[in-house]
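Participant: Input upload_14.pdb, format and content: PDB, C-alpha atoms.
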```
ATOM      1  CA  MET A   1      20.338  -2.755 -25.631
ATOM      2  CA  PHE A   2      22.924   0.086 -25.633
ATOM      3  CA  MET A   3      26.473  -0.708 -24.468
ATOM      4  CA  SER A   4      28.588   1.969 -22.771
ATOM      5  CA  ASN A   5      32.359   2.286 -22.737
ATOM      6  CA  ASN A   6      32.773   0.902 -19.193
ATOM      7  CA  ALA A   7      30.969  -2.387 -19.935
ATOM      8  CA  CYS A   8      27.733  -1.146 -18.396
ATOM      9  CA  PHE A   9      24.652  -1.074 -20.606
ATOM     10  CA  VAL A  10      21.072   0.206 -20.829
ATOM     11  CA  PRO A  11      18.724  -2.799 -20.574
ATOM     12  CA  THR A  12      15.277  -2.921 -22.118
ATOM     13  CA  SER A  13      14.369  -5.923 -19.978
ATOM     14  CA  PHE A  14      15.577  -8.000 -17.046
ATOM     15  CA  TRP A  15      15.977 -11.738 -16.478
ATOM     16  CA  LEU A  16      14.437 -13.099 -13.260
ATOM     17  CA  THR A  17      16.227 -16.235 -12.103
ATOM     18  CA  GLY A  18      13.324 -17.570 -10.029
ATOM     19  CA  ILE A  19      14.855 -19.306  -7.022
ATOM     20  CA  PRO A  20      18.623 -19.406  -7.705
ATOM     21  CA  GLY A  21      20.328 -22.685  -6.941
ATOM     22  CA  LEU A  22      17.099 -24.663  -7.145
ATOM     23  CA  GLU A  23      16.469 -24.418 -10.900
ATOM     24  CA  PRO A  24      16.196 -28.222 -11.359
ATOM     25  CA  LEU A  25      13.433 -28.254  -8.726
ATOM     26  CA  HIS A  26      11.368 -25.413 -10.180
ATOM     27  CA  ILE A  27       8.648 -27.687 -11.538
ATOM     28  CA  TRP A  28       8.271 -29.347  -8.116
ATOM     29  CA  LEU A  29       8.378 -26.048  -6.258
ATOM     30  CA  SER A  30       5.498 -24.874  -8.419
ATOM     31  CA  ILE A  31       3.172 -27.341  -6.646
ATOM     32  CA  PRO A  32       3.304 -25.771  -3.137
ATOM     33  CA  PHE A  33       3.518 -22.218  -4.504
ATOM     34  CA  SER A  34       0.534 -22.635  -6.847
ATOM     35  CA  SER A  35      -1.432 -24.338  -4.060
ATOM     36  CA  MET A  36      -0.708 -21.513  -1.629
ATOM     37  CA  TYR A  37      -1.646 -18.902  -4.225
ATOM     38  CA  LEU A  38      -4.934 -20.690  -4.929
ATOM     39  CA  VAL A  39      -5.725 -20.847  -1.195
ATOM     40  CA  ALA A  40      -4.918 -17.133  -0.841
ATOM     41  CA  VAL A  41      -7.191 -16.148  -3.744
ATOM     42  CA  VAL A  42     -10.099 -18.376  -2.661
ATOM     43  CA  GLY A  43      -9.804 -17.315   0.987
ATOM     44  CA  ASN A  44      -9.751 -13.574   0.335
ATOM     45  CA  VAL A  45     -12.489 -13.703  -2.303
ATOM     46  CA  THR A  46     -14.596 -15.677   0.189
ATOM     47  CA  ILE A  47     -14.080 -12.999   2.852
ATOM     48  CA  LEU A  48     -15.170 -10.290   0.395
ATOM     49  CA  ALA A  49     -18.240 -12.294  -0.642
ATOM     50  CA  VAL A  50     -19.285 -13.096   2.940
ATOM     51  CA  VAL A  51     -19.011  -9.475   4.100
ATOM     52  CA  LYS A  52     -20.931  -8.290   1.038
ATOM     53  CA  MET A  53     -23.782 -10.781   1.580
ATOM     54  CA  GLU A  54     -24.066 -10.492   5.364
ATOM     55  CA  HIS A  55     -25.510  -7.059   6.284
ATOM     56  CA  SER A  56     -24.689  -7.558   9.967
ATOM     57  CA  LEU A  57     -20.999  -7.420   8.938
ATOM     58  CA  HIS A  58     -21.322  -3.947   7.420
ATOM     59  CA  GLN A  59     -19.289  -2.464  10.260
ATOM     60  CA  PRO A  60     -15.917  -0.647  10.347
ATOM     61  CA  MET A  61     -13.928  -3.715  11.439
ATOM     62  CA  TYR A  62     -15.195  -5.786   8.504
ATOM     63  CA  PHE A  63     -14.822  -2.962   5.990
ATOM     64  CA  PHE A  64     -11.162  -2.766   7.011
ATOM     65  CA  LEU A  65     -10.984  -6.549   6.658
ATOM     66  CA  CYS A  66     -12.281  -6.228   3.085
ATOM     67  CA  MET A  67      -9.587  -3.639   2.352
ATOM     68  CA  LEU A  68      -7.057  -6.095   3.761
ATOM     69  CA  ALA A  69      -8.413  -8.859   1.497
ATOM     70  CA  VAL A  70      -8.119  -6.661  -1.619
ATOM     71  CA  ILE A  71      -4.553  -5.680  -0.663
ATOM     72  CA  ASP A  72      -3.594  -9.322  -0.113
ATOM     73  CA  LEU A  73      -5.022 -10.244  -3.517
ATOM     74  CA  VAL A  74      -2.971  -7.472  -5.159
ATOM     75  CA  LEU A  75       0.214  -8.455  -3.303
ATOM     76  CA  SER A  76       0.015 -12.145  -4.137
ATOM     77  CA  THR A  77      -1.090 -11.530  -7.724
ATOM     78  CA  SER A  78       1.764  -9.068  -8.266
ATOM     79  CA  THR A  79       4.303 -11.874  -7.854
ATOM     80  CA  MET A  80       2.830 -15.371  -8.054
ATOM     81  CA  PRO A  81       1.668 -15.480 -11.720
ATOM     82  CA  LYS A  82       5.140 -14.404 -12.895
ATOM     83  CA  LEU A  83       6.867 -16.833 -10.524
ATOM     84  CA  LEU A  84       4.661 -19.691 -11.720
ATOM     85  CA  SER A  85       5.313 -18.764 -15.360
ATOM     86  CA  ILE A  86       9.051 -19.058 -14.581
ATOM     87  CA  PHE A  87       8.502 -22.449 -12.963
ATOM     88  CA  TRP A  88       6.216 -23.836 -15.674
ATOM     89  CA  PHE A  89       7.281 -22.154 -18.913
ATOM     90  CA  GLY A  90      10.761 -20.765 -18.248
ATOM     91  CA  ALA A  91       9.414 -17.230 -18.854
ATOM     92  CA  HIS A  92      12.281 -15.469 -17.083
ATOM     93  CA  ASN A  93      12.268 -12.297 -19.168
ATOM     94  CA  ILE A  94      10.452  -9.214 -17.838
ATOM     95  CA  ASP A  95      10.228  -5.840 -19.564
ATOM     96  CA  LEU A  96      11.890  -2.914 -17.748
ATOM     97  CA  ASP A  97       8.619  -1.010 -17.301
ATOM     98  CA  ALA A  98       6.816  -4.182 -16.179
ATOM     99  CA  CYS A  99       9.607  -4.780 -13.657
ATOM    100  CA  LEU A 100       9.253  -1.261 -12.240
ATOM    101  CA  ALA A 101       5.457  -1.634 -12.133
ATOM    102  CA  GLN A 102       5.785  -4.922 -10.237
ATOM    103  CA  MET A 103       8.204  -3.254  -7.819
ATOM    104  CA  PHE A 104       5.741  -0.412  -7.238
ATOM    105  CA  PHE A 105       2.754  -2.695  -6.584
ATOM    106  CA  ILE A 106       4.673  -4.944  -4.178
ATOM    107  CA  HIS A 107       6.158  -2.186  -2.035
ATOM    108  CA  CYS A 108       3.170   0.166  -2.334
ATOM    109  CA  PHE A 109       0.556  -2.328  -1.200
ATOM    110  CA  ALA A 110       2.779  -3.701   1.579
ATOM    111  CA  THR A 111       2.891  -0.090   2.817
ATOM    112  CA  VAL A 112      -0.886   0.267   2.409
ATOM    113  CA  GLU A 113      -1.436  -2.953   4.373
ATOM    114  CA  SER A 114       0.608  -1.567   7.251
ATOM    115  CA  GLY A 115      -1.551   1.569   7.158
ATOM    116  CA  ILE A 116      -4.755  -0.484   7.242
ATOM    117  CA  PHE A 117      -3.493  -2.350  10.311
ATOM    118  CA  LEU A 118      -2.934   1.029  11.970
ATOM    119  CA  ALA A 119      -6.497   2.094  11.061
ATOM    120  CA  MET A 120      -7.820  -1.196  12.479
ATOM    121  CA  ALA A 121      -5.911  -0.558  15.711
ATOM    122  CA  PHE A 122      -7.590   2.856  15.926
ATOM    123  CA  ASP A 123     -10.971   1.173  15.355
ATOM    124  CA  ARG A 124     -10.322  -1.286  18.222
ATOM    125  CA  TYR A 125      -9.111   1.554  20.457
ATOM    126  CA  VAL A 126     -12.320   3.564  19.946
ATOM    127  CA  ALA A 127     -14.530   0.454  20.257
ATOM    128  CA  ILE A 128     -13.011  -0.492  23.632
ATOM    129  CA  CYS A 129     -11.934   2.800  25.194
ATOM    130  CA  ASP A 130     -14.880   4.943  24.015
ATOM    131  CA  PRO A 131     -17.596   2.470  22.958
ATOM    132  CA  LEU A 132     -20.492   4.948  23.155
ATOM    133  CA  ARG A 133     -18.910   7.087  20.434
ATOM    134  CA  HIS A 134     -17.701   4.239  18.230
ATOM    135  CA  THR A 135     -20.520   4.443  15.661
ATOM    136  CA  SER A 136     -20.361   8.242  15.517
ATOM    137  CA  VAL A 137     -16.554   8.357  15.191
ATOM    138  CA  LEU A 138     -16.041   5.405  12.812
ATOM    139  CA  THR A 139     -18.711   6.281  10.251
ATOM    140  CA  HIS A 140     -18.652   4.829   6.739
ATOM    141  CA  THR A 141     -17.201   8.111   5.502
ATOM    142  CA  VAL A 142     -14.389   8.056   8.074
ATOM    143  CA  VAL A 143     -13.591   4.416   7.276
ATOM    144  CA  SER A 144     -13.413   5.272   3.556
ATOM    145  CA  ARG A 145     -11.145   8.247   4.255
ATOM    146  CA  LEU A 146      -8.823   6.143   6.426
ATOM    147  CA  GLY A 147      -8.565   3.553   3.643
ATOM    148  CA  LEU A 148      -7.927   6.284   1.067
ATOM    149  CA  ALA A 149      -5.289   7.870   3.329
ATOM    150  CA  ALA A 150      -3.471   4.531   3.623
ATOM    151  CA  LEU A 151      -3.554   4.160  -0.173
ATOM    152  CA  LEU A 152      -2.293   7.711  -0.758
ATOM    153  CA  CYS A 153       0.538   7.188   1.743
ATOM    154  CA  GLY A 154       1.559   4.037  -0.107
ATOM    155  CA  VAL A 155       1.540   5.816  -3.468
ATOM    156  CA  LEU A 156       3.385   8.908  -2.185
ATOM    157  CA  TYR A 157       5.987   6.928  -0.226
ATOM    158  CA  ILE A 158       6.701   4.243  -2.822
ATOM    159  CA  GLY A 159       6.066   6.150  -6.074
ATOM    160  CA  PRO A 160       9.562   7.723  -6.027
ATOM    161  CA  LEU A 161      11.294   4.298  -5.826
ATOM    162  CA  PRO A 162      10.701   3.184  -9.446
ATOM    163  CA  LEU A 163      10.882   6.802 -10.653
ATOM    164  CA  MET A 164      14.359   7.269  -9.173
ATOM    165  CA  ILE A 165      15.498   4.025 -10.767
ATOM    166  CA  ARG A 166      14.071   5.098 -14.144
ATOM    167  CA  LEU A 167      15.522   8.620 -14.003
ATOM    168  CA  ARG A 168      18.798   8.130 -12.104
ATOM    169  CA  LEU A 169      19.965   4.592 -12.897
ATOM    170  CA  SER A 170      20.218   4.128 -16.647
ATOM    171  CA  PHE A 171      23.246   1.815 -16.824
ATOM    172  CA  TYR A 172      23.510  -1.675 -15.330
ATOM    173  CA  GLN A 173      26.299  -4.233 -14.902
ATOM    174  CA  THR A 174      23.972  -7.115 -15.799
ATOM    175  CA  HIS A 175      20.332  -7.691 -16.650
ATOM    176  CA  ILE A 176      20.092 -10.837 -14.478
ATOM    177  CA  ILE A 177      18.162 -10.306 -11.216
ATOM    178  CA  ALA A 178      18.947 -13.075  -8.723
ATOM    179  CA  HIS A 179      15.401 -13.012  -7.418
ATOM    180  CA  SER A 180      11.934 -14.256  -8.288
ATOM    181  CA  TYR A 181      10.453 -10.748  -8.565
ATOM    182  CA  CYS A 182      11.637  -7.158  -9.017
ATOM    183  CA  GLU A 183      12.480  -6.270  -5.438
ATOM    184  CA  HIS A 184      13.876  -2.742  -5.032
ATOM    185  CA  MET A 185      17.312  -3.569  -3.630
ATOM    186  CA  ALA A 186      17.751  -6.525  -5.982
ATOM    187  CA  VAL A 187      17.461  -4.104  -8.925
ATOM    188  CA  VAL A 188      19.450  -1.227  -7.405
ATOM    189  CA  THR A 189      22.467  -3.436  -6.628
ATOM    190  CA  LEU A 190      22.827  -4.186 -10.360
ATOM    191  CA  ALA A 191      23.189  -0.524 -11.309
ATOM    192  CA  CYS A 192      26.390   1.220 -12.294
ATOM    193  CA  GLY A 193      27.164   4.562 -10.683
ATOM    194  CA  ASP A 194      26.159   6.074  -7.366
ATOM    195  CA  THR A 195      23.115   4.403  -5.766
ATOM    196  CA  THR A 196      23.388   6.168  -2.387
ATOM    197  CA  VAL A 197      20.194   8.196  -2.825
ATOM    198  CA  ASN A 198      18.204   5.121  -3.841
ATOM    199  CA  ASN A 199      19.555   3.101  -0.919
ATOM    200  CA  LEU A 200      18.916   5.836   1.649
ATOM    201  CA  TYR A 201      15.414   6.531   0.396
ATOM    202  CA  GLY A 202      14.528   2.832   0.383
ATOM    203  CA  MET A 203      15.828   2.300   3.919
ATOM    204  CA  GLY A 204      14.236   5.543   5.129
ATOM    205  CA  ILE A 205      10.812   4.579   3.828
ATOM    206  CA  GLY A 206      11.152   1.100   5.338
ATOM    207  CA  PHE A 207      11.954   2.655   8.718
ATOM    208  CA  LEU A 208       9.226   5.293   8.472
ATOM    209  CA  VAL A 209       6.473   2.875   7.496
ATOM    210  CA  LEU A 210       7.211  -0.279   9.461
ATOM    211  CA  ILE A 211       8.743   1.205  12.609
ATOM    212  CA  LEU A 212       6.389   4.165  13.034
ATOM    213  CA  ASP A 213       3.263   2.164  12.149
ATOM    214  CA  SER A 214       4.235  -0.655  14.509
ATOM    215  CA  LEU A 215       4.978   1.843  17.303
ATOM    216  CA  ALA A 216       1.602   3.543  16.788
ATOM    217  CA  ILE A 217      -0.171   0.159  16.817
ATOM    218  CA  THR A 218       1.702  -0.802  19.996
ATOM    219  CA  ALA A 219       0.712   2.496  21.654
ATOM    220  CA  SER A 220      -2.942   1.859  20.746
ATOM    221  CA  TYR A 221      -2.844  -1.579  22.332
ATOM    222  CA  VAL A 222      -1.112  -0.303  25.454
ATOM    223  CA  MET A 223      -4.069   2.057  25.966
ATOM    224  CA  ILE A 224      -6.508  -0.741  25.113
ATOM    225  CA  PHE A 225      -4.925  -3.101  27.664
ATOM    226  CA  ARG A 226      -5.003  -0.372  30.312
ATOM    227  CA  ALA A 227      -8.730   0.108  29.671
ATOM    228  CA  VAL A 228      -9.341  -3.651  29.728
ATOM    229  CA  MET A 229      -7.511  -4.085  33.040
ATOM    230  CA  GLY A 230      -9.907  -1.561  34.538
ATOM    231  CA  LEU A 231     -12.928  -3.781  33.881
ATOM    232  CA  ALA A 232     -14.617  -5.311  36.886
ATOM    233  CA  THR A 233     -14.518  -9.058  36.161
ATOM    234  CA  PRO A 234     -12.077 -11.456  34.457
ATOM    235  CA  GLU A 235     -14.906 -12.606  32.172
ATOM    236  CA  ALA A 236     -15.451  -9.061  30.923
ATOM    237  CA  ARG A 237     -11.721  -8.651  30.331
ATOM    238  CA  LEU A 238     -11.471 -11.880  28.332
ATOM    239  CA  LYS A 239     -14.547 -11.030  26.279
ATOM    240  CA  THR A 240     -13.209  -7.569  25.459
ATOM    241  CA  LEU A 241      -9.744  -8.856  24.591
ATOM    242  CA  GLY A 242     -11.369 -11.513  22.397
ATOM    243  CA  THR A 243     -12.594  -8.757  20.071
ATOM    244  CA  CYS A 244      -8.932  -7.821  19.461
ATOM    245  CA  SER A 245      -7.498 -11.325  19.058
ATOM    246  CA  SER A 246      -8.075 -11.586  15.291
ATOM    247  CA  HIS A 247      -6.440  -8.211  14.698
ATOM    248  CA  ILE A 248      -3.445  -9.069  16.887
ATOM    249  CA  CYS A 249      -2.970 -12.398  15.061
ATOM    250  CA  ALA A 250      -3.176 -10.663  11.664
ATOM    251  CA  ILE A 251      -0.599  -8.064  12.756
ATOM    252  CA  LEU A 252       1.799 -10.794  13.871
ATOM    253  CA  VAL A 253       1.232 -12.709  10.618
ATOM    254  CA  PHE A 254       2.152  -9.540   8.670
ATOM    255  CA  TYR A 255       5.087  -8.184  10.659
ATOM    256  CA  ILE A 256       6.889 -11.384  11.706
ATOM    257  CA  PRO A 257       7.607 -12.637   8.124
ATOM    258  CA  ILE A 258       8.777  -9.121   7.161
ATOM    259  CA  ALA A 259      11.081  -8.969  10.185
ATOM    260  CA  VAL A 260      12.497 -12.457   9.557
ATOM    261  CA  SER A 261      13.030 -11.744   5.849
ATOM    262  CA  SER A 262      14.655  -8.348   6.529
ATOM    263  CA  LEU A 263      16.941  -9.642   9.270
ATOM    264  CA  THR A 264      17.984 -12.603   7.131
ATOM    265  CA  HIS A 265      18.699 -10.273   4.202
ATOM    266  CA  ARG A 266      20.696  -7.778   6.311
ATOM    267  CA  PHE A 267      22.620 -10.106   8.610
ATOM    268  CA  GLY A 268      22.317 -13.625   7.213
ATOM    269  CA  HIS A 269      25.342 -13.372   4.951
ATOM    270  CA  HIS A 270      26.003 -17.101   5.259
ATOM    271  CA  VAL A 271      22.411 -18.079   4.511
ATOM    272  CA  PRO A 272      22.098 -19.647   1.010
ATOM    273  CA  PRO A 273      20.515 -17.330  -1.619
ATOM    274  CA  HIS A 274      17.580 -19.664  -2.223
ATOM    275  CA  ILE A 275      16.600 -19.359   1.457
ATOM    276  CA  HIS A 276      16.542 -15.559   1.113
ATOM    277  CA  ILE A 277      14.290 -15.786  -1.951
ATOM    278  CA  ILE A 278      11.930 -18.369  -0.442
ATOM    279  CA  LEU A 279      11.540 -16.225   2.704
ATOM    280  CA  ALA A 280      10.884 -13.138   0.562
ATOM    281  CA  ASN A 281       8.112 -15.000  -1.284
ATOM    282  CA  PHE A 282       6.636 -16.347   1.939
ATOM    283  CA  TYR A 283       6.394 -12.819   3.328
ATOM    284  CA  LEU A 284       4.138 -11.981   0.373
ATOM    285  CA  LEU A 285       2.169 -15.256   0.571
ATOM    286  CA  ILE A 286       1.713 -16.034   4.272
ATOM    287  CA  PRO A 287      -0.466 -13.010   5.196
ATOM    288  CA  PRO A 288      -2.856 -13.509   2.227
ATOM    289  CA  ILE A 289      -3.211 -17.178   3.197
ATOM    290  CA  LEU A 290      -3.550 -16.790   6.969
ATOM    291  CA  ASN A 291      -5.577 -13.564   7.264
ATOM    292  CA  PRO A 292      -8.821 -15.156   5.961
ATOM    293  CA  VAL A 293      -8.200 -18.234   8.133
ATOM    294  CA  VAL A 294      -7.591 -16.131  11.248
ATOM    295  CA  TYR A 295     -10.731 -14.057  10.766
ATOM    296  CA  ALA A 296     -12.875 -17.038   9.746
ATOM    297  CA  VAL A 297     -11.823 -18.988  12.847
ATOM    298  CA  ARG A 298     -11.741 -16.133  15.365
ATOM    299  CA  THR A 299     -14.766 -14.082  14.233
ATOM    300  CA  LYS A 300     -18.124 -15.535  15.222
ATOM    301  CA  GLN A 301     -20.144 -13.663  12.574
ATOM    302  CA  ILE A 302     -17.913 -14.693   9.647
ATOM    303  CA  ARG A 303     -17.650 -18.262  10.905
ATOM    304  CA  GLY A 304     -21.425 -18.480  11.302
ATOM    305  CA  ARG A 305     -22.107 -17.122   7.831
ATOM    306  CA  LEU A 306     -19.595 -19.508   6.253
ATOM    307  CA  LEU A 307     -21.163 -22.489   8.021
ATOM    308  CA  HIS A 308     -24.607 -21.365   6.860
ATOM    309  CA  ILE A 309     -23.414 -21.170   3.224
ATOM    310  CA  LEU A 310     -21.717 -24.582   3.456
ATOM    311  CA  LYS A 311     -24.825 -26.184   4.982
ATOM    312  CA  ALA A 312     -27.061 -24.625   2.325
ATOM    313  CA  GLY A 313     -24.775 -25.916  -0.427
ATOM    314  CA  ALA A 314     -24.727 -29.415   1.069
ATOM    315  CA  GLN A 315     -28.502 -29.736   1.224
ATOM    316  CA  PRO A 316     -30.041 -31.911  -1.536
ATOM    317  CA  LYS A 317     -31.991 -30.004  -4.167
TER
END
```
For this file, write the structure as structure tokens.

Facilitator:
Amino acid sequence: MFMSNNACFVPTSFWLTGIPGLEPLHIWLSIPFSSMYLVAVVGNVTILAVVKMEHSLHQPMYFFLCMLAVIDLVLSTSTMPKLLSIFWFGAHNIDLDACLAQMFFIHCFATVESGIFLAMAFDRYVAICDPLRHTSVLTHTVVSRLGLAALLCGVLYIGPLPLMIRLRLSFYQTHIIAHSYCEHMAVVTLACGDTTVNNLYGMGIGFLVLILDSLAITASYVMIFRAVMGLATPEARLKTLGTCSSHICAILVFYIPIAVSSLTHRFGHHVPPHIHIILANFYLLIPPILNPVVYAVRTKQIRGRLLHILKAGAQPK
């Protein structure tokens, strides 16, 4: 660890505090966090297995759902094992490169998830507004390309974040990150020197991804609702809207925790630090937990297949 003349230094690793202010409760906090992580892993793996086994689910909507499940597994696994190791073993230390890798995976796959929600909104738009062309427009190739495009956008948008930290911010005031994972702003605020470029790029990407994606999704649903209102009977309208309900719930589950966490971070200056950190962890845990539940409850085909598997497993051999 190299020390400079102005008391700043070049760290080889960082120290994650976990949830600051609640250190004596870490072992107890590990119980709900480990339980939620287990539920998230089991739920998303179950969704992947059900879609793989049930050929009637080999449709664009469920392929996008599988992409969502993989993303949720990556997001939760990027943070929870390290957080639990802090809770259980006091393993606070994280290598600089591992910290930057964690930062990349968290922000990249949150961006990819937003892109997948946009692709799912396009799928619902075509299915409702132009149903006769749905199978010809949303082919397996197109679905794969949309998923790849979302992944490439995540890599291209977020890739510069850790690179700019590595190349521009060599000296730091401290190696202690008052967070449970390597969040971009939590690392940048520790740096010595000018961090304007890092701050502007981080905020710009946040605006570009979340605001533009949410506006595009909203525009899709405005057109969907206009098409639905043109249907002849209330029963037809409810049935058509029912095909969108799971997607709308999943969007709300994704965007609401992000909005609450961001607003609390920006404007909740009197909110205790541990509340900030808990909210930041929930925003990475709630969607992976609730997305499988939402789709299992709201989607007849997935619910039916799950019940069939459970009944088959309960039968005596």

Participant: For A:Cys99, which residue out of A:Arg133, A:His184, A:Lys52, A:Arg124 is the nearest one, using all atoms listed in the file?

Facilitator: A:His184

Participant: Measuring atom to atom with all atoms listed in the file, identify which of A:Thr189, A:Asn281, A:Thr174, A:Ser13 is nearest to A:Tyr37.

Facilitator: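 Closest candidate: A:Asn281.
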
Participant: Using atom CA of A:Phe9 and atom CA of A:Phe171 as the two end points, give the distance in Å to one decimal.

Facilitator: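 Atom CA of A:Phe171 lies at a distance of 5.0 Å from atom CA of A:Phe9.
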
Participant: Under the PyMOL selection byres ((chain A and resi 87) around 9), which residues of this model are included? Write them out as JSON, numbers by chain.

Facilitator: {"A": [18, 23, 25, 26, 27, 28, 29, 30, 82, 83, 84, 85, 86, 88, 89, 90, 91, 92]}

Participant: Point out the residue among A:Val41, A:Thr299, A:Asp130, A:Tyr221 with the least atom-to-atom distance to A:Val70, counting all atoms listed in the file.

Facilitator: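 Under the stated criterion, the closest residue is A:Val41.
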
Participant: What gap, in Å, lies between atom CA of A:Ser180 and atom CA of A:Ala7?

Facilitator: 25.3 Å

Participant: For each of A:Glu54, A:Asp95, A:Glu113, A:Glu235, take the minimum atom-to-atom distance to A:Phe254, counting only C-alpha atoms, then give the residue where this is smallest.

Facilitator: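 Between A:Glu54, A:Asp95, A:Glu113, A:Glu235, the residue approaching A:Phe254 most closely is A:Glu113.
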
Participant: Any chance you could tabulate, as a Markdown table, the residues of stretch 47-96 of chain A at most 12 Å from stretch 302-310 of chain A with each one's nearest atom pair and distance in Å to one decimal, using all atoms listed in the file, in chain and rising number order?

Facilitator:
```
| residue | atom | partner | partner_atom | distance |
| --- | --- | --- | --- | --- |
| A:Ile47 | CA | A:Ile302 | CA | 8.0 |
| A:Leu48 | CA | A:Ile302 | CA | 10.6 |
| A:Ala49 | CA | A:Leu306 | CA | 10.1 |
| A:Val50 | CA | A:Arg305 | CA | 6.9 |
| A:Val51 | CA | A:Ile302 | CA | 7.7 |
| A:Lys52 | CA | A:Ile302 | CA | 11.1 |
| A:Met53 | CA | A:Arg305 | CA | 9.1 |
| A:Glu54 | CA | A:Arg305 | CA | 7.3 |
| A:His55 | CA | A:Arg305 | CA | 10.7 |
| A:Ser56 | CA | A:Ile302 | CA | 9.8 |
| A:Leu57 | CA | A:Ile302 | CA | 7.9 |
| A:His58 | CA | A:Ile302 | CA | 11.5 |
| A:Met61 | CA | A:Ile302 | CA | 11.8 |
| A:Tyr62 | CA | A:Ile302 | CA | 9.4 |
| A:Leu65 | CA | A:Ile302 | CA | 11.1 |
```

Participant: Convert the output of the PyMOL selection byres ((chain A and resi 16) around 8) on the shown file into explicit residues, formatted as a PyMOL selection string.

Facilitator: chain A and resi 14-15+17-18+92-94+176-182

Participant: Taking into account all atoms listed in the file, which residue in the set A:Ala40, A:Gly242, A:Ile158, A:Pro24 is nearest to A:Gly204?

Facilitator: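 Comparing A:Ala40, A:Gly242, A:Ile158, A:Pro24 against A:Gly204, the winner is A:Ile158.
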
Participant: Between atom CA of A:Ala69 and atom CA of A:Gly154, what is the distance, to one decimal in Å?

Facilitator: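 Interatomic distance here is 16.4 Å.
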
Participant: Check which residues satisfy the PyMOL selection byres ((chain A and resi 140-148) around 10) in the file shown, then give them as a VMD selection string.

Facilitator: chain A and resid 58 to 61 63 to 64 67 to 68 112 to 113 115 to 116 118 to 120 123 135 to 139 149 to 154

Participant: Let me make sure I understand: among A:Leu212, A:Leu100, A:Ala127, A:Val260, which one has the smallest atom-to-atom distance to A:Glu183 if we use all atoms listed in the file?

Facilitator: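 Closest candidate: A:Leu100.
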
Participant: Given 8 Å on each side, where is the centre and what are the edge lengths in Å to one decimal of the axis-aligned box enclosing the listed atoms of stretch 33-44 of chain A, as lines of an AutoDock Vina configuration file?

Facilitator:
```
center_x = -3.3
center_y = -19.0
center_z = -2.9
size_x = 29.6
size_y = 26.8
size_z = 23.8
```
